[in-house]
file start-v5.csv (CSV, C-alpha atoms)
chain,number,residue,atom,x,y,z
A,1130,MET,CA,45.7,205.9,13.7
A,1131,PRO,CA,43.9,209.3,13.8
A,1132,SER,CA,43.5,211.3,10.7
A,1133,PRO,CA,45.5,214.5,10.3
A,1134,THR,CA,43.8,217.8,10.0
A,1135,PRO,CA,43.5,218.5,6.2
A,1136,ALA,CA,44.2,222.2,6.3
A,1137,VAL,CA,47.4,221.8,8.3
A,1138,ASP,CA,48.5,218.9,6.0
A,1139,ILE,CA,47.9,220.8,2.8
A,1140,GLN,CA,50.0,223.7,4.1
A,1141,SER,CA,52.8,221.4,5.2
A,1142,LEU,CA,52.7,219.5,1.9
A,1143,ARG,CA,52.8,222.7,-0.2
A,1144,ARG,CA,55.8,224.0,1.7
A,1145,LEU,CA,57.7,220.8,1.5
A,1146,LEU,CA,56.9,220.0,-2.1
A,1147,HIS,CA,58.0,223.5,-3.2
A,1148,LEU,CA,61.4,222.8,-1.6
A,1149,LEU,CA,62.1,219.8,-3.7
A,1150,ASP,CA,65.4,219.5,-5.4
A,1151,PRO,CA,64.4,217.6,-8.6
A,1152,GLN,CA,67.9,216.1,-8.8
A,1153,GLN,CA,68.2,215.1,-5.2
A,1154,PRO,CA,65.8,213.1,-2.9
A,1155,CYS,CA,65.7,214.6,0.5
A,1156,LEU,CA,64.7,214.0,4.1
A,1157,TYR,CA,63.2,217.0,5.9
A,1158,GLY,CA,62.9,217.5,9.6
A,1159,VAL,CA,60.3,219.8,11.1
A,1160,SER,CA,61.3,221.3,14.4
A,1161,ARG,CA,59.0,222.6,17.2
A,1162,ARG,CA,59.4,226.1,15.9
A,1163,ARG,CA,58.3,224.9,12.4
A,1164,ARG,CA,61.8,225.3,11.0
A,1165,LEU,CA,62.9,222.9,8.3
A,1166,THR,CA,66.2,221.0,8.3
A,1167,ARG,CA,67.3,219.5,5.0
A,1168,HIS,CA,69.1,216.1,4.9
A,1169,PRO,CA,69.8,215.0,1.3
A,1170,PHE,CA,70.4,211.3,0.5
A,1171,GLY,CA,71.2,209.2,-2.5
A,1172,ARG,CA,69.3,206.0,-1.9
A,1173,LEU,CA,66.7,204.9,0.6
A,1174,ASP,CA,69.2,202.5,2.0
A,1175,ASP,CA,71.4,205.5,3.1
A,1176,LEU,CA,68.7,206.4,5.7
A,1177,VAL,CA,68.7,203.0,7.4
A,1178,GLY,CA,70.1,203.4,10.9
A,1179,TRP,CA,69.7,207.2,10.9
A,1180,THR,CA,68.0,208.8,14.0
A,1181,ALA,CA,66.4,212.2,14.0
A,1182,PRO,CA,67.3,214.8,16.6
A,1183,SER,CA,64.9,215.0,19.5
A,1184,CYS,CA,63.8,218.6,18.5
A,1185,TRP,CA,62.2,217.2,15.3
A,1186,THR,CA,58.5,216.9,15.6
A,1187,ALA,CA,58.0,215.3,12.2
A,1188,VAL,CA,60.0,213.9,9.3
A,1189,ALA,CA,59.1,213.9,5.6
A,1190,LEU,CA,60.6,212.1,2.7
A,1191,VAL,CA,60.4,214.1,-0.6
A,1192,ALA,CA,61.5,212.8,-3.9
A,1193,PRO,CA,60.8,213.1,-7.7
A,1194,ALA,CA,59.1,210.1,-9.3
A,1195,ARG,CA,57.4,209.0,-12.5
A,1196,ALA,CA,53.7,208.1,-12.6
A,1197,VAL,CA,52.6,205.8,-15.5
A,1198,GLY,CA,49.0,206.3,-16.6
A,1199,PRO,CA,46.8,205.7,-19.7
A,1200,GLU,CA,48.0,209.0,-21.2
A,1201,GLY,CA,51.7,208.3,-20.7
A,1202,VAL,CA,54.4,209.1,-18.1
A,1203,ASP,CA,54.2,212.1,-15.8
A,1204,GLU,CA,57.0,213.6,-13.8
A,1205,ILE,CA,55.6,214.0,-10.2
A,1206,THR,CA,56.8,214.8,-6.7
A,1207,LEU,CA,56.1,212.4,-3.9
A,1208,LEU,CA,56.0,213.2,-0.2
A,1209,HIS,CA,55.4,211.1,2.9
A,1210,LEU,CA,55.3,212.8,6.3
A,1211,VAL,CA,55.1,211.2,9.8
A,1212,ALA,CA,54.7,213.2,13.0
A,1213,ARG,CA,55.9,212.0,16.4
A,1214,SER,CA,52.2,211.8,17.3
A,1215,GLY,CA,52.0,208.8,14.9
A,1216,ARG,CA,50.0,210.7,12.3
A,1217,SER,CA,51.0,210.3,8.7
A,1218,ILE,CA,50.1,211.6,5.3
A,1219,SER,CA,51.2,211.2,1.7
A,1220,GLY,CA,50.9,213.5,-1.2
A,1221,ARG,CA,51.9,214.0,-4.8
A,1222,GLN,CA,52.3,217.1,-6.9
A,1223,LEU,CA,51.7,217.3,-10.6
A,1224,ASP,CA,51.7,220.7,-12.4
A,1225,HIS,CA,51.4,222.5,-9.1
A,1226,HIS,CA,48.3,220.5,-8.1
A,1227,ILE,CA,48.6,218.5,-4.9
A,1228,ASP,CA,46.6,215.4,-4.2
A,1229,LEU,CA,46.4,213.8,-0.8
A,1230,LEU,CA,46.8,210.1,-0.8
A,1231,SER,CA,45.8,207.5,1.7
A,1232,GLU,CA,48.1,206.9,4.7
A,1233,GLY,CA,51.2,205.3,3.3
A,1234,THR,CA,52.7,201.9,4.1
A,1235,GLY,CA,55.8,200.2,3.0
A,1236,PRO,CA,59.5,201.2,3.1
A,1237,LEU,CA,58.9,205.0,3.1
A,1238,ASP,CA,56.6,204.8,6.1
A,1239,ASP,CA,58.8,202.4,7.9
A,1240,LEU,CA,61.9,204.6,7.4
A,1241,CYS,CA,60.1,207.7,8.6
A,1242,ARG,CA,58.8,206.0,11.7
A,1243,ARG,CA,62.1,204.4,12.6
A,1244,ILE,CA,64.0,207.7,12.0
A,1245,ILE,CA,61.7,209.5,14.4
A,1246,GLY,CA,61.7,206.6,16.9
A,1247,LEU,CA,58.2,205.2,16.3
A,1248,GLU,CA,57.1,201.6,16.1
A,1249,THR,CA,55.9,200.2,12.8
A,1250,PRO,CA,53.1,197.7,12.1
A,1251,PRO,CA,54.1,194.1,12.9
A,1252,PRO,CA,55.3,191.7,10.2
A,1253,GLU,CA,52.6,190.4,7.9
A,1254,GLY,CA,52.1,186.8,7.2
A,1255,PRO,CA,54.4,183.8,7.9
A,1256,ASN,CA,58.2,184.0,7.7
A,1257,ARG,CA,58.7,180.6,6.1
A,1258,ALA,CA,58.8,182.0,2.6
A,1259,PHE,CA,61.6,184.4,3.6
A,1260,LEU,CA,63.6,181.6,5.3
A,1261,ASP,CA,63.3,179.5,2.2
A,1262,THR,CA,64.4,182.3,-0.1
A,1263,LEU,CA,67.3,183.1,2.3
A,1264,TRP,CA,68.3,179.4,1.9
A,1265,LEU,CA,68.3,179.7,-1.9
A,1266,ASP,CA,70.3,182.9,-1.6
A,1267,ARG,CA,73.0,181.1,0.5
A,1268,ILE,CA,73.1,178.2,-1.9
A,1269,LEU,CA,73.6,180.6,-4.8
A,1270,ALA,CA,76.4,182.4,-3.1
A,1271,VAL,CA,78.3,179.2,-2.4
A,1272,ALA,CA,77.7,177.8,-5.9
A,1273,LEU,CA,78.9,181.0,-7.6
A,1274,ASP,CA,81.9,181.3,-5.3
A,1275,ARG,CA,83.4,177.9,-6.1
A,1276,PRO,CA,86.5,177.7,-8.3
A,1277,LEU,CA,85.8,177.4,-12.0
A,1278,GLY,CA,85.5,173.8,-13.1
A,1279,THR,CA,85.0,172.4,-9.6
A,1280,CYS,CA,81.9,170.5,-8.4
A,1281,GLY,CA,79.6,171.4,-5.5
A,1282,PRO,CA,78.1,172.1,-3.3
A,1283,SER,CA,77.0,168.6,-2.2
A,1284,VAL,CA,73.6,167.7,-0.9
A,1285,GLY,CA,75.0,167.7,2.7
A,1286,GLN,CA,76.5,171.2,2.2
A,1287,VAL,CA,73.2,172.5,0.8
A,1288,LEU,CA,71.2,171.1,3.7
A,1289,ALA,CA,73.7,172.6,6.2
A,1290,LEU,CA,73.0,176.1,4.7
A,1291,ARG,CA,69.3,175.9,5.6
A,1292,PRO,CA,68.3,178.5,8.2
A,1293,ASP,CA,66.8,177.5,11.5
A,1294,ASP,CA,63.0,177.8,11.7
A,1295,LEU,CA,62.8,181.1,13.6
A,1296,ASP,CA,60.1,183.8,14.0
A,1297,TRP,CA,60.7,187.4,13.0
A,1298,PRO,CA,61.8,188.7,16.4
A,1299,ALA,CA,64.3,185.9,16.7
A,1300,ILE,CA,65.6,186.4,13.1
A,1301,ARG,CA,66.1,190.1,13.8
A,1302,LEU,CA,67.9,189.5,17.2
A,1303,ARG,CA,70.2,187.0,15.6
A,1304,CYS,CA,71.0,189.4,12.8
A,1305,ALA,CA,71.6,192.2,15.3
A,1306,GLY,CA,73.9,189.9,17.3
A,1307,GLY,CA,75.9,189.0,14.3
A,1308,CYS,CA,74.8,185.3,14.4
A,1309,LEU,CA,72.8,185.5,11.2
A,1310,VAL,CA,74.0,187.2,8.0
A,1311,ILE,CA,71.5,188.9,5.7
A,1312,ALA,CA,73.1,190.6,2.8
A,1313,GLY,CA,72.3,194.3,2.9
A,1314,ILE,CA,71.5,194.6,6.6
A,1315,SER,CA,74.3,195.1,9.1
A,1316,SER,CA,74.1,194.2,12.8
A,1317,ALA,CA,73.6,197.8,13.7
A,1318,GLN,CA,70.9,198.3,11.2
A,1319,ALA,CA,69.0,195.2,12.4
A,1320,GLU,CA,69.1,196.7,15.9
A,1321,TRP,CA,67.8,200.0,14.6
A,1322,PHE,CA,64.8,198.3,12.9
A,1323,ASP,CA,61.9,197.0,14.9
A,1324,ASP,CA,60.4,193.6,14.0
A,1325,GLY,CA,57.9,194.8,11.4
A,1326,SER,CA,60.2,197.2,9.5
A,1327,PHE,CA,63.1,194.6,9.6
A,1328,ALA,CA,60.8,191.9,8.1
A,1329,ARG,CA,59.6,194.1,5.3
A,1330,TRP,CA,63.2,195.4,4.5
A,1331,ALA,CA,64.7,192.0,4.6
A,1332,ILE,CA,62.1,190.6,2.2
A,1333,ARG,CA,62.7,193.3,-0.3
A,1334,LEU,CA,66.4,192.4,-0.3
A,1335,MET,CA,65.9,188.8,-1.2
A,1336,PRO,CA,66.1,187.5,-4.8
A,1337,ASP,CA,63.1,186.2,-6.6
A,1338,PRO,CA,62.8,182.5,-5.6
A,1339,VAL,CA,61.7,181.3,-9.0
A,1340,GLU,CA,64.7,183.0,-10.6
A,1341,ALA,CA,67.0,181.7,-7.9
A,1342,LEU,CA,65.8,178.1,-8.5
A,1343,ALA,CA,66.2,178.5,-12.3
A,1344,ASP,CA,69.8,179.7,-11.7
A,1345,LEU,CA,70.5,176.8,-9.4
A,1346,ALA,CA,69.2,174.4,-11.9
A,1347,GLN,CA,72.2,175.4,-14.1
A,1348,LEU,CA,74.7,175.4,-11.3
A,1349,LEU,CA,74.0,172.3,-9.2
A,1350,ASP,CA,74.5,168.6,-9.9
A,1351,GLY,CA,71.6,166.1,-10.3
A,1352,PRO,CA,71.2,165.1,-6.6
A,1353,CYS,CA,71.1,168.7,-5.4
A,1354,ARG,CA,68.6,169.7,-8.1
A,1355,SER,CA,66.4,166.7,-7.2
A,1356,MET,CA,66.5,167.6,-3.6
A,1357,LEU,CA,65.5,171.2,-4.2
A,1358,ARG,CA,62.6,170.1,-6.5
A,1359,ARG,CA,61.3,168.0,-3.7
A,1360,GLU,CA,61.6,170.9,-1.2
A,1361,PHE,CA,60.1,173.6,-3.5
A,1362,GLY,CA,57.6,171.6,-5.5
A,1363,GLY,CA,56.7,173.2,-8.8
A,1364,ARG,CA,58.1,176.6,-8.3
A,1365,SER,CA,61.0,176.1,-10.7
call {"tool": "encode", "arguments": {"input": "start-v5.csv", "output": "structure tokens"}}
result
Amino acid sequence: MPSPTPAVDIQSLRRLLHLLDPQQPCLYGVSRRRRLTRHPFGRLDDLVGWTAPSCWTAVALVAPARAVGPEGVDEITLLHLVARSGRSISGRQLDHHIDLLSEGTGPLDDLCRRIIGLETPPPEGPNRAFLDTLWLDRILAVALDRPLGTCGPSVGQVLALRPDDLDWPAIRLRCAGGCLVIAGISSAQAEWFDDGSFARWAIRLMPDPVEALADLAQLLDGPCRSMLRREFGGRS
């Protein structure tokens, strides 16, 4: 990915950072005539599925944040900007001083790229850990939903909840088609994501597997606990 021109980026960052509403994170669109359009939002999740107008040449997420350092906590402003050319830049402002950061990755970059219709980097690493955690999440949901004082689920029911061994493109397509339910991602949102952004977003929605196993140890009977210990080794 080519590096942006520093002078242009400093000017853009200063303009956008000075427009920050400290009480409201905001998405900004930059049009071909360099006009800014403001789109406030409450949570990052509110932007999933949103597509920018074709006249926008760049999008920027601007939000207040806290930076924890050796001298304490500072109130800062963060910005991540992605242009339709694929160029991106991040910056932060503290006491009117702006620092340029390395090209961002993660949910902010994924959201900006999908909002403007760009592809994101492919999924990183194997998907087995995600499928295992999805399985634990399903077991937890069933165990917590049972009537008070009843037993279950059985070993057979637990095994039936295990997801098929799929790669990330197949997982996303099944979710988009309504054949696979992932809490926090609708069918329309799965279609809006590409494979890389979908994988990273789905992973961040999953519970911690160690905590899930600890909870299940209190909710399941002996045979189910033994089966999960065999499947997951020493994680619990």
call {"tool": "closest_residue", "arguments": {"input": "start-v5.csv", "among": "A:Pro1298, A:Pro1292, A:Pro1154, A:Pro1199", "to": "Thr1262 (chain A)", "atoms": "all atoms listed in the file"}}
result
A:Pro1292
call {"tool": "atom_distance", "arguments": {"input": "start-v5.csv", "atom1": "CA of Ser1316 (chain A)", "atom2": "CA of Trp1179 (chain A)"}}
result
13.9 Å
call {"tool": "residues_around", "arguments": {"input": "start-v5.csv", "residues": "Cys1184 (chain A)", "least_positions_apart": "4", "cutoff": "12 Å", "atoms": "all atoms listed in the file", "output": "PyMOL selection string"}}
result
chain A and resi 1158-1166+1180+1188+1212-1213+1245
call {"tool": "atom_distance", "arguments": {"input": "start-v5.csv", "atom1": "CA of Gly1313 (chain A)", "atom2": "CA of Thr1206 (chain A)"}}
result
27.4 Å
call {"tool": "atom_distance", "arguments": {"input": "start-v5.csv", "atom1": "CA of Arg1267 (chain A)", "atom2": "CA of Pro1250 (chain A)"}}
result
28.4 Å
call {"tool": "closest_residue", "arguments": {"input": "start-v5.csv", "among": "A:Val1271, A:Ala1341, A:Cys1155, A:Val1177", "to": "Ala1317 (chain A)", "atoms": "only C-alpha atoms"}}
result
A:Val1177
call {"tool": "residues_around", "arguments": {"input": "start-v5.csv", "residues": "Leu1208 (chain A)", "least_positions_apart": "2", "cutoff": "7 Å", "atoms": "all atoms listed in the file", "output": "VMD selection string"}}
result
chain A and resid 1189 to 1192 1206 1210 1219 to 1221
call {"tool": "residues_around", "arguments": {"input": "start-v5.csv", "residues": "Pro1338 (chain A)", "least_positions_apart": "6", "cutoff": "10 Å", "atoms": "all atoms listed in the file", "output": "VMD selection string"}}
result
chain A and resid 1258 to 1259 1261 to 1266 1344 1361 1364 to 1365
call {"tool": "residues_around", "arguments": {"input": "start-v5.csv", "residues": "Ile1311 (chain A)", "least_positions_apart": "5", "cutoff": "9 Å", "atoms": "only C-alpha atoms", "output": "ChimeraX atom specification"}}
result
/A:1263,1304,1331,1334-1335
